[in-house]
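S.K.: Starting off with a structure, shown below.
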Amino acid sequence: MNEMNVQNSTKGKKSALTDLIYIAMFTALIVVCSKISVPLGPVPFTLQTMGVFITAAMLGWKRGTISVILYIVMGLVGIPVFSQSSGFSGGMGALASPTFGYIIGFILTALVVGLSEKFFGKKIIPLIISMALGEILCYVIGTIWFMFIYNMRGESMDVLTALQLCVFMFIIPDICKIAVSSIIVNRLDKIVKL
């Protein structure tokens, strides 16, 4: 009986260690993707969301969301993990950036994509739908934050202007990122089980 408990305890420790390694690896993926950026207006076109999509779909809702939260916490404590072209790279000052809401939106994106993976696996169509829904939620949170920060500064910012600056020009690149991410996850699932 004691031997069985020891084996279960050892298995649990290995599983927890493996989870930590995957979370760290995929957090690093998001960091790398955040550094690949093409500046377009106040919100840069980066591969951050692609990193979030792949992380959540490969790790699932729990580990994927932890990876995203870890990425955000790393940035807020001053590690320069955020996109440089967004005007900040790390530290609590990021909270005052109009574009920080899009980073907060990554948490909802990870939850939606991860929960979809839990129920539908890594099939292309559910991945595409969940990634699109996650991106829409990210747009909503980010745009609300963008308007809030501008209005707090005493500058007027209406919804249409915020959408023109932060969303409309990124729809096509984001569709491309969703397509590429869903194919990558679908293919990786046939090779690697996480």
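Starting from 1 in every chain, residues are counted up; chains themselves are A, B, ... following the order of the structure tokens, and ligands are numbered from 1 as listed.
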For A:Val81, find every residue with an atom within 8 Å (counting only C-alpha atoms), except residues of its own chain fewer than 4 positions away, and show them as a PyMOL selection string.
M.R.: chain A and resi 31+34-35+71+74-75+89-90
S.K.: I need the residues in chain A that are strand (DSSP E or B) according to DSSP; give them as an NGL selection string.
M.R.: :A and (37-38 or 45-46)
S.K.: Store the residues of this selection in a file with C-alpha atoms, as a PDB file, in the first residue's frame.
M.R.:
```
ATOM      1  CA  SER A  37       6.480  43.230 -34.792  1.00  0.00           C
ATOM      2  CA  VAL A  38       5.496  45.517 -37.667  1.00  0.00           C
ATOM      3  CA  PHE A  45       1.068  44.171 -35.774  1.00  0.00           C
ATOM      4  CA  THR A  46       2.911  41.554 -33.737  1.00  0.00           C
TER       5      THR A  46
END
```
S.K.: Would you give me, as a Markdown table, each residue of stretch 142-190 of chain A having an atom within 8 Å of an atom of stretch 111-132 of chain A, along with its shortest atom pair and that distance in Å to one decimal, using only C-alpha atoms and sorting by chain and residue number?
M.R.:
```
| residue | atom | partner | partner_atom | distance |
| --- | --- | --- | --- | --- |
| A:Ile175 | CA | A:Ala132 | CA | 7.7 |
| A:Ile178 | CA | A:Met131 | CA | 6.2 |
| A:Ala179 | CA | A:Ile128 | CA | 6.8 |
| A:Ser182 | CA | A:Leu127 | CA | 5.7 |
| A:Ile183 | CA | A:Ile124 | CA | 6.8 |
| A:Val185 | CA | A:Lys122 | CA | 6.8 |
| A:Asn186 | CA | A:Lys122 | CA | 5.5 |
| A:Asp189 | CA | A:Lys122 | CA | 7.0 |
```
S.K.: Keeping only C-alpha atoms, take the residues you just selected and write them out as a tab-separated table (two decimals), in the first residue's frame.
M.R.:
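again_15.tsv written:
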```
chain	number	residue	atom	x	y	z
A	175	ILE	CA	-7.24	36.28	-39.86
A	178	ILE	CA	-5.62	32.45	-36.91
A	179	ALA	CA	-5.31	30.35	-40.07
A	182	SER	CA	-4.80	26.51	-36.29
A	183	ILE	CA	-2.82	24.61	-38.94
A	185	VAL	CA	-1.61	23.28	-33.73
A	186	ASN	CA	-3.46	20.67	-35.78
A	189	ASP	CA	-0.96	17.47	-32.29
```
S.K.: List the neighbours of A:Met147 out to 8 Å using only C-alpha atoms; skip same-chain residues closer than 3 positions along the sequence, and give me the result as an mmCIF file with C-alpha atoms, in the first residue's frame.
M.R.:
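This went into out.cif:
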```cif
data_model
loop_
_atom_site.group_PDB
_atom_site.id
_atom_site.type_symbol
_atom_site.label_atom_id
_atom_site.label_comp_id
_atom_site.auth_asym_id
_atom_site.auth_seq_id
_atom_site.Cartn_x
_atom_site.Cartn_y
_atom_site.Cartn_z
ATOM 1 C CA PRO A 98 -3.484 52.803 -24.229
ATOM 2 C CA THR A 143 -10.539 48.933 -27.328
ATOM 3 C CA ILE A 144 -12.336 49.717 -24.055
ATOM 4 C CA TYR A 150 -7.273 58.431 -23.775
ATOM 5 C CA ASN A 151 -10.312 59.826 -22.007
ATOM 6 C CA MET A 157 -11.780 59.148 -28.033
ATOM 7 C CA ASP A 158 -14.965 57.712 -29.515
ATOM 8 C CA VAL A 159 -15.623 54.058 -30.382
ATOM 9 C CA ALA A 162 -10.663 53.682 -31.539
#
```
S.K.: List the neighbours of A:Met50 out to 9 Å using only C-alpha atoms; skip same-chain residues closer than 4 positions along the sequence, and give me the result as a list of chain:residue names.
M.R.: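 In the requested form, the answer reads A:Ile30, A:Cys33, A:Thr46, A:Ile54, A:Thr55, A:Asp174, A:Lys177, A:Ile178, A:Val180, A:Ser181.
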S.K.: Measuring between only C-alpha atoms, which one of A:Thr49, A:Gly93, A:Leu133, A:Pro80 shows the shortest distance to A:Pro173?
M.R.: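 Among the listed residues, A:Thr49 lies closest to A:Pro173.
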S.K.: Rounded to one decimal, what separation in Å do you get between atom CA of A:Leu108 and atom CA of A:Met169?
M.R.: 21.5 Å
S.K.: By how many Å are atom CA of A:Tyr22 and atom CA of A:Ile184 apart?
M.R.: 17.0 Å
S.K.: Just how far from atom CA of A:Thr109 is atom CA of A:Ile136, in Å to one decimal?
M.R.: 8.4 Å
S.K.: Please extract the residues of stretch 26-120 of chain A with a backbone DSSP assignment of helix (DSSP H, G or I) and present them as an MDAnalysis selection string.
M.R.: chainID A and resid 26:35 48:76 84:86 92:96 100:120
S.K.: Find, counting only C-alpha atoms, the residue in A:Ala94, A:Leu17, A:Ile23, A:Cys166 that gets nearest to A:Met58.
M.R.: A:Ile23
